[in-house]
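Novice: File name data_8.cif; file contents mmCIF, C-alpha atoms; full text below.
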data_query
loop_
_atom_site.group_PDB
_atom_site.id
_atom_site.type_symbol
_atom_site.label_atom_id
_atom_site.label_comp_id
_atom_site.auth_asym_id
_atom_site.auth_seq_id
_atom_site.Cartn_x
_atom_site.Cartn_y
_atom_site.Cartn_z
ATOM 1 C CA MET Q 585 -135.030 146.927 129.762
ATOM 2 C CA ARG Q 586 -132.137 145.169 128.196
ATOM 3 C CA ASN Q 587 -130.265 146.883 125.401
ATOM 4 C CA LYS Q 588 -130.688 145.011 122.086
ATOM 5 C CA ALA Q 589 -128.668 147.475 119.977
ATOM 6 C CA PRO Q 590 -125.309 145.625 120.285
ATOM 7 C CA ILE Q 591 -126.962 142.389 119.161
ATOM 8 C CA ARG Q 592 -128.526 144.180 116.189
ATOM 9 C CA ARG Q 593 -125.150 145.712 115.286
ATOM 10 C CA ILE Q 594 -123.517 142.283 115.340
ATOM 11 C CA GLY Q 595 -126.337 140.941 113.145
ATOM 12 C CA TRP Q 596 -125.826 143.726 110.597
ATOM 13 C CA GLY Q 597 -122.083 143.120 110.731
ATOM 14 C CA TYR Q 598 -122.428 139.435 109.945
ATOM 15 C CA ALA Q 599 -124.972 140.201 107.220
ATOM 16 C CA SER Q 600 -122.481 142.648 105.649
ATOM 17 C CA LEU Q 601 -119.727 140.050 105.901
ATOM 18 C CA ILE Q 602 -121.843 137.445 104.138
ATOM 19 C CA GLY Q 603 -122.745 140.007 101.479
ATOM 20 C CA LEU Q 604 -119.078 140.818 100.867
ATOM 21 C CA ALA Q 605 -118.208 137.120 100.609
ATOM 22 C CA VAL Q 606 -120.957 136.635 98.023
ATOM 23 C CA ILE Q 607 -119.786 139.645 96.002
ATOM 24 C CA GLN Q 608 -116.174 138.438 96.012
ATOM 25 C CA GLN Q 609 -117.225 134.982 94.841
ATOM 26 C CA LEU Q 610 -119.320 136.487 92.051
ATOM 27 C CA VAL Q 611 -116.422 138.658 90.931
ATOM 28 C CA VAL Q 612 -114.081 135.644 90.828
ATOM 29 C CA TYR Q 613 -116.600 133.640 88.825
ATOM 30 C CA LEU Q 614 -117.176 136.584 86.483
ATOM 31 C CA LYS Q 615 -113.428 136.977 85.847
ATOM 32 C CA ILE Q 616 -113.012 133.265 85.119
ATOM 33 C CA TYR Q 617 -116.036 133.357 82.805
ATOM 34 C CA MET Q 618 -114.767 136.384 80.892
ATOM 35 C CA ASN Q 619 -111.052 135.459 80.598
ATOM 36 C CA GLN Q 620 -111.122 131.703 81.077
ATOM 37 C CA SER Q 621 -108.167 132.054 83.463
ATOM 38 C CA PHE Q 622 -107.281 132.366 87.130
ATOM 39 C CA THR Q 623 -103.639 133.350 87.622
ATOM 40 C CA THR Q 624 -101.307 132.957 90.589
ATOM 41 C CA LEU Q 625 -101.740 136.667 91.332
ATOM 42 C CA ASP Q 626 -105.498 136.181 91.398
ATOM 43 C CA ALA Q 627 -105.099 133.348 93.894
ATOM 44 C CA ILE Q 628 -102.756 135.444 96.078
ATOM 45 C CA PHE Q 629 -105.172 138.381 96.252
ATOM 46 C CA SER Q 630 -108.086 136.031 96.945
ATOM 47 C CA MET Q 631 -106.181 134.675 99.945
ATOM 48 C CA VAL Q 632 -105.248 138.221 100.982
ATOM 49 C CA SER Q 633 -108.958 139.098 101.059
ATOM 50 C CA LEU Q 634 -109.479 136.261 103.534
ATOM 51 C CA GLY Q 635 -106.451 137.382 105.545
ATOM 52 C CA ALA Q 636 -107.996 140.863 105.715
ATOM 53 C CA LEU Q 637 -110.804 139.409 107.803
ATOM 54 C CA VAL Q 638 -108.279 138.015 110.281
ATOM 55 C CA LEU Q 639 -106.445 141.351 110.427
ATOM 56 C CA GLY Q 640 -109.709 143.173 111.111
ATOM 57 C CA PHE Q 641 -110.388 140.898 114.090
ATOM 58 C CA ILE Q 642 -106.831 140.965 115.470
ATOM 59 C CA LEU Q 643 -105.605 144.527 114.928
ATOM 60 C CA PRO Q 644 -106.831 147.496 117.000
ATOM 61 C CA VAL Q 645 -109.219 149.796 115.144
ATOM 62 C CA GLY Q 646 -106.657 152.610 114.853
ATOM 63 C CA VAL Q 647 -104.055 150.299 113.335
ATOM 64 C CA SER Q 648 -106.664 148.851 110.969
ATOM 65 C CA VAL Q 649 -107.484 152.349 109.694
ATOM 66 C CA VAL Q 650 -103.807 153.066 108.980
ATOM 67 C CA VAL Q 651 -103.336 149.703 107.239
ATOM 68 C CA VAL Q 652 -106.416 150.270 105.078
ATOM 69 C CA PHE Q 653 -105.254 153.778 104.107
ATOM 70 C CA VAL Q 654 -101.761 152.562 103.148
ATOM 71 C CA TYR Q 655 -103.257 149.671 101.187
ATOM 72 C CA LEU Q 656 -105.679 151.920 99.274
ATOM 73 C CA VAL Q 657 -102.922 154.322 98.229
ATOM 74 C CA THR Q 658 -100.378 151.609 97.380
ATOM 75 C CA TYR Q 659 -102.834 149.438 95.478
ATOM 76 C CA PHE Q 660 -104.169 152.419 93.542
ATOM 77 C CA VAL Q 661 -100.655 153.330 92.417
ATOM 78 C CA TRP Q 662 -100.015 149.720 91.357
ATOM 79 C CA LEU Q 663 -103.417 149.530 89.660
ATOM 80 C CA VAL Q 664 -102.863 152.591 87.428
ATOM 81 C CA THR Q 665 -99.215 151.842 86.595
ATOM 82 C CA TYR Q 666 -98.586 148.094 86.377
ATOM 83 C CA ALA Q 667 -101.792 146.090 86.775
ATOM 84 C CA ASP Q 668 -103.871 144.524 84.076
ATOM 85 C CA VAL Q 669 -107.133 146.240 84.967
ATOM 86 C CA ASN Q 670 -110.128 143.949 84.997
ATOM 87 C CA VAL Q 671 -113.185 143.429 87.153
ATOM 88 C CA LEU Q 672 -111.279 141.252 89.634
ATOM 89 C CA THR Q 673 -108.212 143.453 90.112
ATOM 90 C CA PHE Q 674 -110.364 146.546 90.451
ATOM 91 C CA SER Q 675 -112.681 144.864 92.998
ATOM 92 C CA TRP Q 676 -109.735 144.006 95.255
ATOM 93 C CA TRP Q 677 -109.031 147.706 95.666
ATOM 94 C CA LEU Q 678 -112.312 148.098 97.548
ATOM 95 C CA LEU Q 679 -113.268 144.640 98.783
ATOM 96 C CA ILE Q 680 -110.114 143.904 100.811
ATOM 97 C CA PRO Q 681 -110.398 147.161 102.836
ATOM 98 C CA ALA Q 682 -114.114 146.449 103.187
ATOM 99 C CA ASN Q 683 -113.278 143.046 104.697
ATOM 100 C CA VAL Q 684 -110.984 144.702 107.241
ATOM 101 C CA ALA Q 685 -113.624 147.325 108.083
ATOM 102 C CA VAL Q 686 -116.461 144.814 108.537
ATOM 103 C CA ALA Q 687 -114.317 142.472 110.645
ATOM 104 C CA ALA Q 688 -113.239 145.419 112.832
ATOM 105 C CA PHE Q 689 -116.893 146.474 113.169
ATOM 106 C CA ILE Q 690 -117.944 142.981 114.269
ATOM 107 C CA LYS Q 691 -115.052 142.835 116.729
ATOM 108 C CA ALA Q 692 -115.998 146.225 118.226
ATOM 109 C CA SER Q 693 -119.628 145.098 118.577
ATOM 110 C CA LEU Q 694 -118.582 141.849 120.256
ATOM 111 C CA VAL Q 695 -116.319 143.740 122.665
ATOM 112 C CA ARG Q 696 -119.125 146.213 123.433
ATOM 113 C CA SER Q 697 -121.587 143.367 124.030
ATOM 114 C CA ALA Q 698 -119.104 141.614 126.318
ATOM 115 C CA ARG Q 699 -118.709 144.807 128.347
ATOM 116 C CA ILE Q 700 -122.484 145.193 128.662
ATOM 117 C CA MET Q 701 -122.816 141.582 129.820
ATOM 118 C CA ASP Q 702 -120.011 142.157 132.352
ATOM 119 C CA ARG Q 703 -121.826 145.242 133.687
ATOM 120 C CA LEU Q 704 -125.107 143.327 133.945
ATOM 121 C CA GLN Q 705 -123.361 140.496 135.773
ATOM 122 C CA GLU Q 706 -121.644 143.001 138.061
ATOM 123 C CA MET Q 707 -125.020 144.622 138.772
ATOM 124 C CA GLN Q 708 -126.532 141.216 139.466
ATOM 125 C CA ASP Q 709 -123.651 140.338 141.798
ATOM 126 C CA ARG Q 710 -123.878 143.685 143.565
ATOM 127 C CA ASN Q 711 -127.669 143.639 143.804
ATOM 128 C CA PRO Q 712 -128.680 139.965 143.691
ATOM 129 C CA GLU Q 713 -132.166 140.867 144.893
ATOM 130 C CA ILE Q 714 -132.953 143.131 141.932
ATOM 131 C CA ASP Q 715 -134.862 141.966 138.862
ATOM 132 C CA LEU Q 716 -132.890 143.307 135.865
ATOM 133 C CA ASP Q 717 -135.949 143.750 133.626
ATOM 134 C CA THR Q 718 -137.960 145.889 136.043
ATOM 135 C CA SER Q 719 -135.393 147.102 138.644
ATOM 136 C CA LEU Q 720 -137.825 145.842 141.294
ATOM 137 C CA GLY Q 721 -137.061 143.508 144.131
ATOM 138 C CA ASN Q 722 -137.080 139.892 142.980
ATOM 139 C CA LYS Q 723 -138.116 136.657 144.690
ATOM 140 C CA ASP Q 724 -135.091 136.685 147.023
ATOM 141 C CA ALA Q 725 -135.858 140.248 148.087
ATOM 142 C CA LEU Q 726 -139.495 139.279 148.685
ATOM 143 C CA ALA Q 727 -138.435 136.320 150.843
ATOM 144 C CA ASP Q 728 -136.149 138.530 152.936
ATOM 145 C CA THR Q 729 -138.821 141.208 153.400
ATOM 146 C CA VAL Q 730 -141.545 138.685 154.289
ATOM 147 C CA ILE Q 731 -139.362 137.118 156.985
ATOM 148 C CA LYS Q 732 -138.577 140.524 158.503
ATOM 149 C CA GLN Q 733 -142.171 141.684 158.375
ATOM 150 C CA SER Q 734 -143.556 138.417 159.796
ATOM 151 C CA ASN Q 735 -141.107 138.591 162.701
ATOM 152 C CA LEU Q 736 -142.194 142.142 163.448
ATOM 153 C CA ALA Q 737 -145.853 141.181 163.163
ATOM 154 C CA LYS Q 738 -145.367 138.218 165.501
ATOM 155 C CA ARG Q 739 -143.437 140.226 168.072
ATOM 156 C CA TYR Q 740 -145.876 143.161 168.085
ATOM 157 C CA SER Q 741 -149.012 141.334 167.049
ATOM 158 C CA GLU Q 742 -151.336 143.719 168.866
ATOM 159 C CA GLN Q 743 -149.934 146.809 167.198
ATOM 160 C CA TYR Q 744 -148.420 145.633 163.924
ATOM 161 C CA GLY Q 745 -149.489 143.626 160.896
ATOM 162 C CA PHE Q 746 -149.122 143.509 157.160
ATOM 163 C CA SER Q 747 -150.888 142.307 154.050
ATOM 164 C CA MET Q 748 -149.674 141.116 150.659
ATOM 165 C CA ALA Q 749 -151.278 141.179 147.226
ATOM 166 C CA MET Q 750 -150.337 139.676 143.872
ATOM 167 C CA PHE Q 751 -151.263 141.122 140.481
ATOM 168 C CA LYS Q 752 -150.856 138.605 137.697
ATOM 169 C CA ILE Q 753 -150.942 139.214 133.942
ATOM 170 C CA GLU Q 754 -153.476 136.821 132.506
ATOM 171 C CA PHE Q 755 -152.830 135.091 129.147
ATOM 172 C CA LEU Q 756 -149.124 135.902 129.496
ATOM 173 C CA PRO Q 757 -147.865 133.901 126.446
ATOM 174 C CA LEU Q 758 -150.334 135.744 124.209
ATOM 175 C CA VAL Q 759 -149.291 139.105 125.691
ATOM 176 C CA MET Q 760 -145.597 138.348 125.144
ATOM 177 C CA GLU Q 761 -146.250 137.260 121.557
ATOM 178 C CA SER Q 762 -148.284 140.410 120.863
ATOM 179 C CA LEU Q 763 -145.605 142.729 122.258
ATOM 180 C CA GLY Q 764 -142.254 141.109 121.499
ATOM 181 C CA SER Q 765 -139.380 141.110 123.966
ATOM 182 C CA VAL Q 766 -138.558 144.841 123.847
ATOM 183 C CA ARG Q 767 -142.142 146.066 124.163
ATOM 184 C CA TYR Q 768 -142.853 143.472 126.857
ATOM 185 C CA ALA Q 769 -139.989 144.845 128.978
ATOM 186 C CA GLN Q 770 -141.391 148.370 128.483
ATOM 187 C CA PHE Q 771 -144.847 147.110 129.390
ATOM 188 C CA LEU Q 772 -143.559 145.684 132.688
ATOM 189 C CA LEU Q 773 -141.965 149.036 133.508
ATOM 190 C CA GLU Q 774 -145.241 150.826 132.767
ATOM 191 C CA LEU Q 775 -147.169 148.421 134.999
ATOM 192 C CA SER Q 776 -144.598 148.892 137.768
ATOM 193 C CA SER Q 777 -144.994 152.662 137.515
ATOM 194 C CA THR Q 778 -148.790 152.306 137.574
ATOM 195 C CA ILE Q 779 -148.654 150.238 140.764
ATOM 196 C CA GLN Q 780 -146.284 152.716 142.408
ATOM 197 C CA LYS Q 781 -148.766 155.541 141.846
ATOM 198 C CA GLN Q 782 -151.440 153.599 143.762
ATOM 199 C CA ILE Q 783 -149.443 152.590 146.872
ATOM 200 C CA ARG Q 784 -147.791 154.405 149.730
ATOM 201 C CA PHE Q 785 -144.117 155.280 149.943
ATOM 202 C CA GLU Q 786 -143.614 152.790 152.777
ATOM 203 C CA ASP Q 787 -145.158 149.888 150.854
ATOM 204 C CA TYR Q 788 -142.949 147.328 149.103
ATOM 205 C CA LYS Q 789 -143.169 146.274 145.474
ATOM 206 C CA PHE Q 790 -141.664 143.152 143.866
ATOM 207 C CA PHE Q 791 -141.628 141.261 140.577
ATOM 208 C CA VAL Q 792 -141.424 137.464 140.870
ATOM 209 C CA ASP Q 793 -141.267 136.573 137.173
ATOM 210 C CA ARG Q 794 -143.956 135.148 134.856
ATOM 211 C CA GLY Q 795 -145.883 138.425 134.865
ATOM 212 C CA ARG Q 796 -146.488 138.464 138.627
ATOM 213 C CA PHE Q 797 -146.187 141.633 140.712
ATOM 214 C CA VAL Q 798 -146.393 141.452 144.506
ATOM 215 C CA ILE Q 799 -146.900 144.307 146.942
ATOM 216 C CA LEU Q 800 -146.424 144.135 150.706
ATOM 217 C CA CYS Q 801 -148.257 146.751 152.725
ATOM 218 C CA PRO Q 802 -147.402 147.203 156.422
ATOM 219 C CA MET Q 803 -150.124 148.450 158.753
ATOM 220 C CA VAL Q 804 -152.846 148.518 156.100
ATOM 221 C CA ASN Q 805 -156.440 148.458 157.258
ATOM 222 C CA VAL Q 806 -157.883 145.011 156.522
ATOM 223 C CA GLU Q 807 -161.219 146.503 155.465
ATOM 224 C CA TYR Q 808 -159.397 148.792 153.026
ATOM 225 C CA LEU Q 809 -157.408 145.973 151.368
ATOM 226 C CA PRO Q 810 -160.154 144.918 148.879
ATOM 227 C CA VAL Q 811 -160.546 148.545 147.805
ATOM 228 C CA LEU Q 812 -156.783 148.896 147.347
ATOM 229 C CA THR Q 813 -156.350 145.722 145.303
ATOM 230 C CA GLN Q 814 -159.332 146.551 143.094
ATOM 231 C CA ARG Q 815 -158.036 150.082 142.515
ATOM 232 C CA ILE Q 816 -154.568 148.835 141.541
ATOM 233 C CA LYS Q 817 -155.993 146.120 139.283
ATOM 234 C CA THR Q 818 -158.276 148.593 137.541
ATOM 235 C CA ALA Q 819 -155.407 151.054 137.007
ATOM 236 C CA MET Q 820 -153.236 148.283 135.508
ATOM 237 C CA MET Q 821 -156.007 147.124 133.164
ATOM 238 C CA ASP Q 822 -156.741 150.715 132.117
ATOM 239 C CA LEU Q 823 -153.108 151.261 131.118
ATOM 240 C CA SER Q 824 -152.962 152.161 127.435
ATOM 241 C CA PHE Q 825 -150.202 150.278 125.617
ATOM 242 C CA ILE Q 826 -149.681 149.624 121.898
ATOM 243 C CA ASP Q 827 -148.609 146.191 120.660
ATOM 244 C CA LYS Q 828 -146.134 145.569 117.815
ATOM 245 C CA LYS Q 829 -148.956 145.638 115.235
ATOM 246 C CA GLY Q 830 -150.088 149.094 116.320
ATOM 247 C CA ASN Q 831 -153.187 147.904 118.155
ATOM 248 C CA GLU Q 832 -154.034 148.754 121.751
ATOM 249 C CA LEU Q 833 -153.211 145.867 124.079
ATOM 250 C CA GLN Q 834 -156.159 144.454 125.986
ATOM 251 C CA THR Q 835 -154.732 143.693 129.423
ATOM 252 C CA VAL Q 836 -156.373 141.277 131.855
ATOM 253 C CA ILE Q 837 -155.076 141.352 135.440
ATOM 254 C CA ARG Q 838 -155.960 138.906 138.219
ATOM 255 C CA SER Q 839 -155.407 139.823 141.857
ATOM 256 C CA GLY Q 840 -155.247 137.939 145.111
ATOM 257 C CA ALA Q 841 -154.182 138.866 148.628
ATOM 258 C CA LEU Q 842 -153.057 137.480 151.979
ATOM 259 C CA ILE Q 843 -153.438 138.911 155.462
ATOM 260 C CA PHE Q 844 -150.764 137.987 158.003
ATOM 261 C CA GLN Q 845 -151.960 135.616 160.693
ATOM 262 C CA LYS Q 846 -149.782 134.931 163.716
ATOM 263 C CA GLU Q 847 -150.863 131.278 163.731
ATOM 264 C CA ASN Q 848 -149.257 130.805 160.290
ATOM 265 C CA PHE Q 849 -145.936 132.396 161.281
ATOM 266 C CA SER Q 850 -143.753 129.363 160.501
ATOM 267 C CA LYS Q 851 -145.173 129.075 156.982
ATOM 268 C CA TYR Q 852 -143.922 132.538 155.994
ATOM 269 C CA GLU Q 853 -140.361 131.162 155.886
ATOM 270 C CA ASP Q 854 -141.272 129.223 152.739
ATOM 271 C CA ILE Q 855 -141.528 131.945 150.093
ATOM 272 C CA ASP Q 856 -142.605 129.434 147.426
ATOM 273 C CA ALA Q 857 -145.603 128.503 149.556
ATOM 274 C CA VAL Q 858 -146.435 132.174 150.084
ATOM 275 C CA ILE Q 859 -146.246 132.899 146.341
ATOM 276 C CA ALA Q 860 -148.302 129.779 145.557
ATOM 277 C CA ALA Q 861 -150.983 130.868 148.047
ATOM 278 C CA LEU Q 862 -151.118 134.341 146.509
ATOM 279 C CA GLU Q 863 -151.355 132.854 143.027
ATOM 280 C CA ARG Q 864 -154.170 130.521 144.091
ATOM 281 C CA ASN Q 865 -156.048 133.530 145.421
ATOM 282 C CA THR Q 866 -155.670 135.329 142.076
ATOM 283 C CA GLU Q 867 -157.797 132.605 140.458
ATOM 284 C CA THR Q 868 -160.843 133.892 142.311
ATOM 285 C CA ASP Q 869 -159.703 137.422 143.246
ATOM 286 C CA LEU Q 870 -159.679 136.202 146.833
ATOM 287 C CA ILE Q 871 -158.302 137.829 149.973
ATOM 288 C CA GLY Q 872 -157.270 134.948 152.200
ATOM 289 C CA GLU Q 873 -155.684 134.327 155.561
ATOM 290 C CA TYR Q 874 -154.069 130.912 155.095
ATOM 291 C CA ILE Q 875 -151.002 129.745 153.186
#
Could I get this file's structure written as structure tokens?
Specialist:
Amino acid sequence: MRNKAPIRRIGWGYASLIGLAVIQQLVVYLKIYMNQSFTTLDAIFSMVSLGALVLGFILPVGVSVVVVFVYLVTYFVWLVTYADVNVLTFSWWLLIPANVAVAAFIKASLVRSARIMDRLQEMQDRNPEIDLDTSLGNKDALADTVIKQSNLAKRYSEQYGFSMAMFKIEFLPLVMESLGSVRYAQFLLELSSTIQKQIRFEDYKFFVDRGRFVILCPMVNVEYLPVLTQRIKTAMMDLSFIDKKGNELQTVIRSGALIFQKENFSKYEDIDAVIAALERNTETDLIGEYI
């Protein structure tokens, strides 16, 4: 599941920044309305408040804290000794440091998000056959495994074979809308865990996007395959999961399977054709032999 917290922090940061900008504009308008004037000093401090945003983005957080502390003390001394205290001069005591703080917060969130994206990219580069949402093997991993298994099954056809099955979430757009992105990612993880509990340790499990799980089972008894697929499908549909409105999600799963046939060996090199055949079989819960 992908971490959305940095994005939310950036959103709150920008919302705070917009709020501060609105407050500063209101204070300026209020001062002009009350005194019918806007002095050179007012203009300078208004520009300083904008410069504070730049400083918050540029300076390291530690330096920003020191600058804000020095400013607060210095401005307070000036405010109580020399300044003509009004709503605008008093607001600058708090709003300029607030600008620095918010800008530094947004910068830290952007840096943190960039680091997370770098780690995800590094993970993807290191494990290009891993689906980041589910940590399962992806389409490339499935293609590699199918080629290896089909070669073994061809070479030792009398002793070795394998079968594949796809479990597809029906009405996927409706499911995604009901759950939202975060809950949908959690839902996929729960389905993956449910499948794992129903298969053997030596079986393979993949996720090939668009709500489609694929398992590859070496040396499974052909007569047992319908029982296995039905058991997994039932377990997935019985999974209790709450949608974003607090209601229990009604899950519909379609399944289809393929049994390796030596005569079709060359077709197993085309993983798109294999996936398409599995998906066709899900339309009628079919266990087929041909790609």
Novice: What's the 12 Å shell around Arg838 of chain Q, counting only C-alpha atoms, without same-chain residues fewer than 3 positions away, as an MDAnalysis selection string?
Specialist: chainID Q and resid 749:756 795:798 813:814 816:818 820:821 835 841 862:870
Novice: With the file shown as input, list the residues that the PyMOL selection byres ((chain Q and resi 763) around 12) selects, as a list in words.
Specialist: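 Going through the file, the PyMOL selection byres ((chain Q and resi 763) around 12) ends up selecting Leu756, Pro757, Leu758, Val759, Met760, Glu761, Ser762, Gly764, Ser765, Val766, Arg767, Tyr768, Ala769, Gln770, Phe771, Leu772, Phe825, Ile826, Asp827, Lys828, Lys829, Gly830, Asn831, Glu832, Leu833, Gln834 and Thr835 of chain Q.
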Novice: Using only C-alpha atoms, can you tell me which of Q:Phe653, Q:Trp676, Q:Phe689, Q:Phe746 comes closest to Phe844 of chain Q?
Specialist: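 Closest residue, counting only C-alpha atoms: Q:Phe746.
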Novice: State, in Å with one decimal place, the distance from atom CA of Gly745 of chain Q to atom CA of Met803 of chain Q.
Specialist: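 Computing it gives 5.3 Å between the two atoms.
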Novice: Applied to this file, what does the PyMOL selection byres ((chain Q and resi 729-736) around 12) return in terms of residues, put as a PyMOL selection string?
Specialist: chain Q and resi 713+721-728+737-748+787-790+798-803+842-859
Novice: Could you jot down the atom CA of Leu643 of chain Q to atom CA of Asp702 of chain Q separation for me, Å, one decimal place?
Specialist: 22.7 Å
Novice: May I ask which of the residues Q:Ser777, Q:Phe660, Q:Gln782, Q:Ser648 is the closest one to Lys691 of chain Q, counting only C-alpha atoms?
Specialist: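 Answer, going by the shortest atom-to-atom distance: Q:Ser648.
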Novice: Between atom CA of Arg784 of chain Q and atom CA of Val836 of chain Q, what is the spacing in Å?
Specialist: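 Rounded to one decimal, the two atoms are 23.8 Å apart.
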